[in-house]
Structure formats: structure tokens, C-alpha cells
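Peer 1: Contents of run.pdb (PDB, C-alpha atoms, pLDDT in the B column):
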ATOM      1  CA  MET O  25    -132.531 -48.766 -95.368  1.00 77.00           C
ATOM      2  CA  ILE O  26    -129.028 -49.772 -96.422  1.00 81.00           C
ATOM      3  CA  LEU O  27    -128.496 -48.799-100.055  1.00 75.00           C
ATOM      4  CA  ASN O  28    -125.130 -50.410-100.719  1.00 84.00           C
ATOM      5  CA  GLU O  29    -122.261 -52.397 -99.258  1.00 87.00           C
ATOM      6  CA  ASP O  30    -120.454 -49.225 -98.145  1.00 90.00           C
ATOM      7  CA  GLU O  31    -123.425 -48.247 -95.967  1.00 91.00           C
ATOM      8  CA  MET O  32    -123.574 -51.797 -94.513  1.00 91.00           C
ATOM      9  CA  ASN O  33    -119.875 -51.591 -93.674  1.00 94.00           C
ATOM     10  CA  ALA O  34    -120.261 -48.149 -92.096  1.00 94.00           C
ATOM     11  CA  TYR O  35    -123.139 -49.373 -89.905  1.00 94.00           C
ATOM     12  CA  GLY O  36    -121.162 -52.466 -88.853  1.00 95.00           C
ATOM     13  CA  ARG O  37    -117.995 -50.512 -88.001  1.00 96.00           C
ATOM     14  CA  LYS O  38    -120.020 -48.025 -85.952  1.00 96.00           C
ATOM     15  CA  LEU O  39    -121.779 -50.859 -84.129  1.00 96.00           C
ATOM     16  CA  GLY O  40    -118.463 -52.606 -83.471  1.00 97.00           C
ATOM     17  CA  ARG O  41    -116.995 -49.481 -81.891  1.00 96.00           C
ATOM     18  CA  SER O  42    -119.947 -49.284 -79.474  1.00 96.00           C
ATOM     19  CA  LEU O  43    -119.924 -52.860 -78.181  1.00 96.00           C
ATOM     20  CA  VAL O  44    -119.097 -53.936 -74.628  1.00 96.00           C
ATOM     21  CA  PRO O  45    -118.023 -57.295 -73.166  1.00 97.00           C
ATOM     22  CA  GLY O  46    -120.808 -59.853 -73.048  1.00 97.00           C
ATOM     23  CA  THR O  47    -122.677 -58.503 -76.082  1.00 97.00           C
ATOM     24  CA  VAL O  48    -124.332 -61.107 -78.291  1.00 98.00           C
ATOM     25  CA  ILE O  49    -125.385 -60.055 -81.788  1.00 98.00           C
ATOM     26  CA  ALA O  50    -127.919 -62.342 -83.451  1.00 97.00           C
ATOM     27  CA  LEU O  51    -127.992 -62.019 -87.237  1.00 96.00           C
ATOM     28  CA  VAL O  52    -131.017 -63.286 -89.147  1.00 96.00           C
ATOM     29  CA  GLY O  53    -131.512 -63.233 -92.905  1.00 93.00           C
ATOM     30  CA  ASP O  54    -131.645 -65.328 -96.029  1.00 91.00           C
ATOM     31  CA  LEU O  55    -128.619 -66.738 -97.810  1.00 89.00           C
ATOM     32  CA  GLY O  56    -126.693 -63.840 -99.368  1.00 87.00           C
ATOM     33  CA  ALA O  57    -128.448 -61.181 -97.297  1.00 89.00           C
ATOM     34  CA  GLY O  58    -125.195 -59.761 -95.935  1.00 90.00           C
ATOM     35  CA  LYS O  59    -124.719 -61.437 -92.538  1.00 93.00           C
ATOM     36  CA  THR O  60    -121.040 -62.159 -93.113  1.00 94.00           C
ATOM     37  CA  THR O  61    -120.455 -58.731 -94.650  1.00 93.00           C
ATOM     38  CA  LEU O  62    -121.938 -57.145 -91.532  1.00 95.00           C
ATOM     39  CA  SER O  63    -119.926 -59.486 -89.290  1.00 97.00           C
ATOM     40  CA  LYS O  64    -116.690 -58.428 -90.989  1.00 97.00           C
ATOM     41  CA  ALA O  65    -117.555 -54.750 -90.536  1.00 97.00           C
ATOM     42  CA  ILE O  66    -118.390 -55.256 -86.850  1.00 98.00           C
ATOM     43  CA  ALA O  67    -115.031 -56.996 -86.438  1.00 98.00           C
ATOM     44  CA  GLU O  68    -113.316 -54.042 -88.099  1.00 97.00           C
ATOM     45  CA  GLY O  69    -115.090 -51.690 -85.679  1.00 98.00           C
ATOM     46  CA  LEU O  70    -113.754 -53.810 -82.814  1.00 98.00           C
ATOM     47  CA  GLY O  71    -110.251 -53.417 -84.220  1.00 97.00           C
ATOM     48  CA  VAL O  72    -109.820 -57.039 -85.309  1.00 97.00           C
ATOM     49  CA  THR O  73    -106.820 -57.214 -87.618  1.00 95.00           C
ATOM     50  CA  GLU O  74    -107.209 -60.832 -88.703  1.00 94.00           C
ATOM     51  CA  CYS O  75    -109.039 -61.805 -91.895  1.00 92.00           C
ATOM     52  CA  VAL O  76    -112.620 -62.533 -90.848  1.00 93.00           C
ATOM     53  CA  THR O  77    -114.328 -65.310 -92.796  1.00 88.00           C
ATOM     54  CA  SER O  78    -117.622 -67.119 -92.487  1.00 85.00           C
ATOM     55  CA  PRO O  79    -117.298 -70.041 -90.064  1.00 83.00           C
ATOM     56  CA  THR O  80    -119.897 -72.068 -91.992  1.00 80.00           C
ATOM     57  CA  PHE O  81    -117.909 -75.300 -91.906  1.00 83.00           C
ATOM     58  CA  THR O  82    -116.177 -74.821 -88.548  1.00 87.00           C
ATOM     59  CA  ILE O  83    -119.223 -73.348 -86.726  1.00 93.00           C
ATOM     60  CA  LEU O  84    -116.982 -71.006 -84.681  1.00 95.00           C
ATOM     61  CA  CYS O  85    -114.039 -68.707 -85.334  1.00 95.00           C
ATOM     62  CA  GLU O  86    -112.280 -66.795 -82.567  1.00 96.00           C
ATOM     63  CA  TYR O  87    -110.486 -63.490 -83.103  1.00 97.00           C
ATOM     64  CA  ARG O  88    -108.398 -61.956 -80.342  1.00 96.00           C
ATOM     65  CA  THR O  89    -106.601 -59.053 -82.011  1.00 96.00           C
ATOM     66  CA  GLY O  90    -109.270 -56.411 -81.369  1.00 96.00           C
ATOM     67  CA  ARG O  91    -110.064 -54.378 -78.271  1.00 96.00           C
ATOM     68  CA  LEU O  92    -112.363 -57.265 -77.201  1.00 98.00           C
ATOM     69  CA  PRO O  93    -112.283 -60.942 -78.170  1.00 98.00           C
ATOM     70  CA  LEU O  94    -114.711 -61.724 -80.987  1.00 98.00           C
ATOM     71  CA  PHE O  95    -116.471 -65.079 -81.226  1.00 98.00           C
ATOM     72  CA  HIS O  96    -118.119 -65.579 -84.608  1.00 97.00           C
ATOM     73  CA  PHE O  97    -120.634 -68.426 -84.940  1.00 97.00           C
ATOM     74  CA  ASP O  98    -122.376 -69.637 -88.084  1.00 95.00           C
ATOM     75  CA  VAL O  99    -125.004 -72.164 -87.009  1.00 96.00           C
ATOM     76  CA  TYR O 100    -126.467 -72.798 -90.467  1.00 94.00           C
ATOM     77  CA  ARG O 101    -125.256 -76.413 -90.506  1.00 92.00           C
ATOM     78  CA  LEU O 102    -126.523 -77.333 -87.035  1.00 92.00           C
ATOM     79  CA  ASP O 103    -129.374 -79.817 -87.026  1.00 89.00           C
ATOM     80  CA  ASP O 104    -130.347 -79.274 -83.402  1.00 91.00           C
ATOM     81  CA  PRO O 105    -129.747 -76.347 -81.030  1.00 87.00           C
ATOM     82  CA  GLU O 106    -128.484 -78.865 -78.463  1.00 88.00           C
ATOM     83  CA  GLU O 107    -125.350 -79.254 -80.599  1.00 92.00           C
ATOM     84  CA  MET O 108    -124.336 -75.849 -79.212  1.00 95.00           C
ATOM     85  CA  GLU O 109    -123.868 -77.542 -75.813  1.00 93.00           C
ATOM     86  CA  ASN O 110    -120.949 -79.541 -77.259  1.00 91.00           C
ATOM     87  CA  ILE O 111    -119.283 -76.295 -78.305  1.00 92.00           C
ATOM     88  CA  GLY O 112    -119.711 -74.763 -74.847  1.00 95.00           C
ATOM     89  CA  TYR O 113    -121.674 -71.824 -76.232  1.00 96.00           C
ATOM     90  CA  GLU O 114    -122.442 -70.389 -72.771  1.00 96.00           C
ATOM     91  CA  ASP O 115    -118.743 -69.648 -72.211  1.00 96.00           C
ATOM     92  CA  TYR O 116    -118.850 -67.469 -75.321  1.00 97.00           C
ATOM     93  CA  PHE O 117    -122.302 -65.911 -74.880  1.00 97.00           C
ATOM     94  CA  TYR O 118    -121.688 -64.978 -71.257  1.00 96.00           C
ATOM     95  CA  GLY O 119    -117.935 -64.347 -71.409  1.00 94.00           C
ATOM     96  CA  ASN O 120    -115.724 -61.299 -71.724  1.00 95.00           C
ATOM     97  CA  GLY O 121    -115.976 -60.832 -75.473  1.00 97.00           C
ATOM     98  CA  VAL O 122    -118.456 -60.073 -78.220  1.00 98.00           C
ATOM     99  CA  THR O 123    -120.336 -62.905 -79.902  1.00 98.00           C
ATOM    100  CA  ILE O 124    -121.865 -62.739 -83.378  1.00 98.00           C
ATOM    101  CA  VAL O 125    -124.231 -65.542 -84.402  1.00 97.00           C
ATOM    102  CA  GLU O 126    -125.173 -65.903 -88.057  1.00 96.00           C
ATOM    103  CA  TRP O 127    -128.453 -67.789 -88.692  1.00 96.00           C
ATOM    104  CA  ALA O 128    -129.362 -67.045 -85.082  1.00 96.00           C
ATOM    105  CA  ASP O 129    -133.012 -67.938 -85.633  1.00 96.00           C
ATOM    106  CA  LYS O 130    -131.914 -71.611 -85.636  1.00 95.00           C
ATOM    107  CA  ILE O 131    -130.896 -71.345 -81.960  1.00 96.00           C
ATOM    108  CA  GLU O 132    -133.300 -68.636 -80.852  1.00 95.00           C
ATOM    109  CA  GLU O 133    -134.110 -70.378 -77.568  1.00 95.00           C
ATOM    110  CA  LEU O 134    -130.420 -70.299 -76.532  1.00 97.00           C
ATOM    111  CA  LEU O 135    -129.863 -66.593 -77.132  1.00 97.00           C
ATOM    112  CA  PRO O 136    -129.592 -64.309 -74.112  1.00 96.00           C
ATOM    113  CA  LYS O 137    -132.655 -62.130 -73.534  1.00 95.00           C
ATOM    114  CA  ASP O 138    -130.564 -59.000 -74.145  1.00 95.00           C
ATOM    115  CA  ALA O 139    -129.066 -60.172 -77.452  1.00 96.00           C
ATOM    116  CA  ILE O 140    -129.037 -57.544 -80.190  1.00 96.00           C
ATOM    117  CA  VAL O 141    -131.137 -59.056 -82.972  1.00 96.00           C
ATOM    118  CA  ILE O 142    -130.503 -57.722 -86.462  1.00 95.00           C
ATOM    119  CA  ARG O 143    -132.692 -58.908 -89.308  1.00 94.00           C
ATOM    120  CA  ILE O 144    -131.401 -58.311 -92.838  1.00 93.00           C
ATOM    121  CA  ASP O 145    -133.860 -58.467 -95.732  1.00 89.00           C
ATOM    122  CA  SER O 146    -133.197 -57.871 -99.417  1.00 83.00           C
ATOM    123  CA  GLY O 147    -134.484 -54.657-100.956  1.00 78.00           C
ATOM    124  CA  LYS O 148    -135.625 -53.757-104.446  1.00 79.00           C
ATOM    125  CA  ASN O 149    -132.163 -53.176-105.916  1.00 81.00           C
ATOM    126  CA  PRO O 150    -129.315 -55.726-105.991  1.00 76.00           C
ATOM    127  CA  TRP O 151    -127.459 -54.505-102.871  1.00 77.00           C
ATOM    128  CA  GLU O 152    -130.271 -52.688-101.109  1.00 80.00           C
ATOM    129  CA  ARG O 153    -131.046 -54.125 -97.663  1.00 87.00           C
ATOM    130  CA  SER O 154    -133.610 -53.443 -95.018  1.00 85.00           C
ATOM    131  CA  LEU O 155    -132.169 -53.726 -91.518  1.00 81.00           C
ATOM    132  CA  THR O 156    -134.345 -54.272 -88.501  1.00 83.00           C
ATOM    133  CA  ALA O 157    -131.730 -53.233 -85.981  1.00 78.00           C
ATOM    134  CA  PRO O 158    -131.077 -50.873 -83.109  1.00 74.00           C
ATOM    135  CA  SER O 159    -129.881 -47.402 -83.940  1.00 72.00           C
ATOM    136  CA  ILE O 160    -126.409 -46.520 -82.743  1.00 71.00           C
ATOM    137  CA  ALA O 161    -125.606 -43.328 -80.877  1.00 59.00           C
ATOM    138  CA  GLU O 162    -122.864 -41.157 -82.328  1.00 53.00           C
TER     139      GLU O 162
END
Mind turning this structure into C-alpha cells?
Peer 2:
Amino acid sequence: MILNEDEMNAYGRKLGRSLVPGTVIALVGDLGAGKTTLSKAIAEGLGVTECVTSPTFTILCEYRTGRLPLFHFDVYRLDDPEEMENIGYEDYFYGNGVTIVEWADKIEELLPKDAIVIRIDSGKNPWERSLTAPSIAE
């Protein structure tokens, strides 16, 4: 259970520090659940120095200032998973960086089998979140 934004950021930074090339992180959750907040924290853990924003209108943002390239997708506005073909998603998913996909359930069939799926659900209090996610070793 994540009780506040600070705990979400701490989890994301820790996860970001542990990632290796070729990792795909699939984020699933309702609007306002914290997908972009977690994405920003993961980027921070990777050492990204650029301002990370939600790529809702551009679908993809690339960040190359961290220890690994970060490819940040937001597929909310896609009508069909096949639209990912036009973007060349395989180059990102199977490349030398880390890929984060917000609204990943919309393209579930395209995700690699070893993608890290993180589901974020709202809790009882305003910023409380339930994360269905892998634990991270210290």
C-alpha cells in the first residue's frame, strides 16, 4: 500500500535504479491513479535530468540524459493497437533502453511476455494507492 505521493516517488526511484536495458514497464490504472507520477519517479531513478511530462498528445517522449535511454509511451489516445506499428514500437520495446507504457492494458497483446506490469488502484484516502507490482530488492 502506498500511503502518499512521497512513498510513490520512493518506490519509483528505487525501481528506476534497478532497471536494465530492454525492460518494459506496463502501467495500468484509472485516470488520476498516479501513472505519470510513477513514471517521473522511475525516470529520476534512472538519472534522467530532463523534465518528464505525460506524452498524452504525442504518444511518445524520449529521454536520453539518464544512465539508460527512457522511452515513455502514453497510449490512452490510440484507437487500435495496430497504430503502434506506425511508431515502430518494437524498436523501443526490444531496444537498449527502458520503456514505460501508460494505459498499457490498451495494447496488452503487444507487450513482451516479461514486461513488468504495475497496476495502480485508488485507496480509501485521497492519495492512498494500492500497487500490484513486483517488490524491489535493496
Peer 1: Hey, can you check how far CA of Pro150 (chain O) sits from CA of Phe81 (chain O)?
Peer 2: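 Atom-to-atom, CA of Pro150 (chain O) to CA of Phe81 (chain O), that is 26.7 Å.
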Peer 1: Give me the result of the PyMOL selection byres ((chain O and resi 125) around 6) on this file, residue by residue, as a ChimeraX atom specification.
Peer 2: /O:50-51,97-98,124,126,128
Peer 1: For CA of Ser63 (chain O) and CA of Pro79 (chain O), determine how far apart the two atoms are, in Å to one decimal place.
Peer 2: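 Between CA of Ser63 (chain O) and CA of Pro79 (chain O) the gap works out to 10.9 Å.
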Peer 1: Please evaluate the PyMOL selection byres ((chain O and resi 157) around 12) against the structure above and give the resulting residues as a list of chain:residue names.
Peer 2: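 Taken on the displayed file, the PyMOL selection byres ((chain O and resi 157) around 12) yields the residues O:Met25, O:Ile26, O:Met32, O:Tyr35, O:Gly36, O:Leu39, O:Ile49, O:Ala50, O:Leu51, O:Val52, O:Leu62, O:Ala139, O:Ile140, O:Val141, O:Ile142, O:Arg143, O:Ile144, O:Asp145, O:Arg153, O:Ser154, O:Leu155, O:Thr156, O:Pro158, O:Ser159, O:Ile160.
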Peer 1: Leaving out region 68-71 of chain O and any residue of its chain fewer than 4 positions from it, which residues lie within 6 Å of it when counting all atoms listed in the file, given as number ranges by chain?
Peer 2: O: 37, 40-41, 90-91
Peer 1: Have a look at O:Thr123, O:Leu92, O:Glu74, O:Ala67 and name the one nearest to Lys38 (chain O); count only C-alpha atoms.
Peer 2: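 Of O:Thr123, O:Leu92, O:Glu74, O:Ala67, the one nearest Lys38 (chain O) is O:Ala67, counting only C-alpha atoms.
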Peer 1: Would you compute, for all listed atoms of region 72-91 of chain O, the axis-aligned bounding box grown by 6 Å on each side, and then report its centre and edge lengths in Å rounded to one decimal, as AutoDock Vina command-line options?
Peer 2:
--center_x -113.2 --center_y -64.8 --center_z -85.5 --size_x 25.3 --size_y 32.9 --size_z 26.5
Peer 1: When the PyMOL selection byres ((chain O and resi 54) around 9) is applied to the structure above, which residues does it catch, written out as an NGL selection string?
Peer 2: :O and (52-53 or 55-59 or 127 or 144-146)
Peer 1: Would you kindly identify which residues have an atom no farther than 12 Å from (-109.9, -66.4, -88.4), using all atoms listed in the file and the file's own coordinates, and write them out as a ChimeraX atom specification?
Peer 2: /O:64,67,72-79,82-89,93-97
Peer 1: Which of these, O:Ile66, O:Ala34, O:Lys130, O:Leu43, has the shortest distance to Arg101 (chain O) once you count only C-alpha atoms?
Peer 2: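 Going through O:Ile66, O:Ala34, O:Lys130, O:Leu43 one by one, the smallest distance to Arg101 (chain O) is for O:Lys130.
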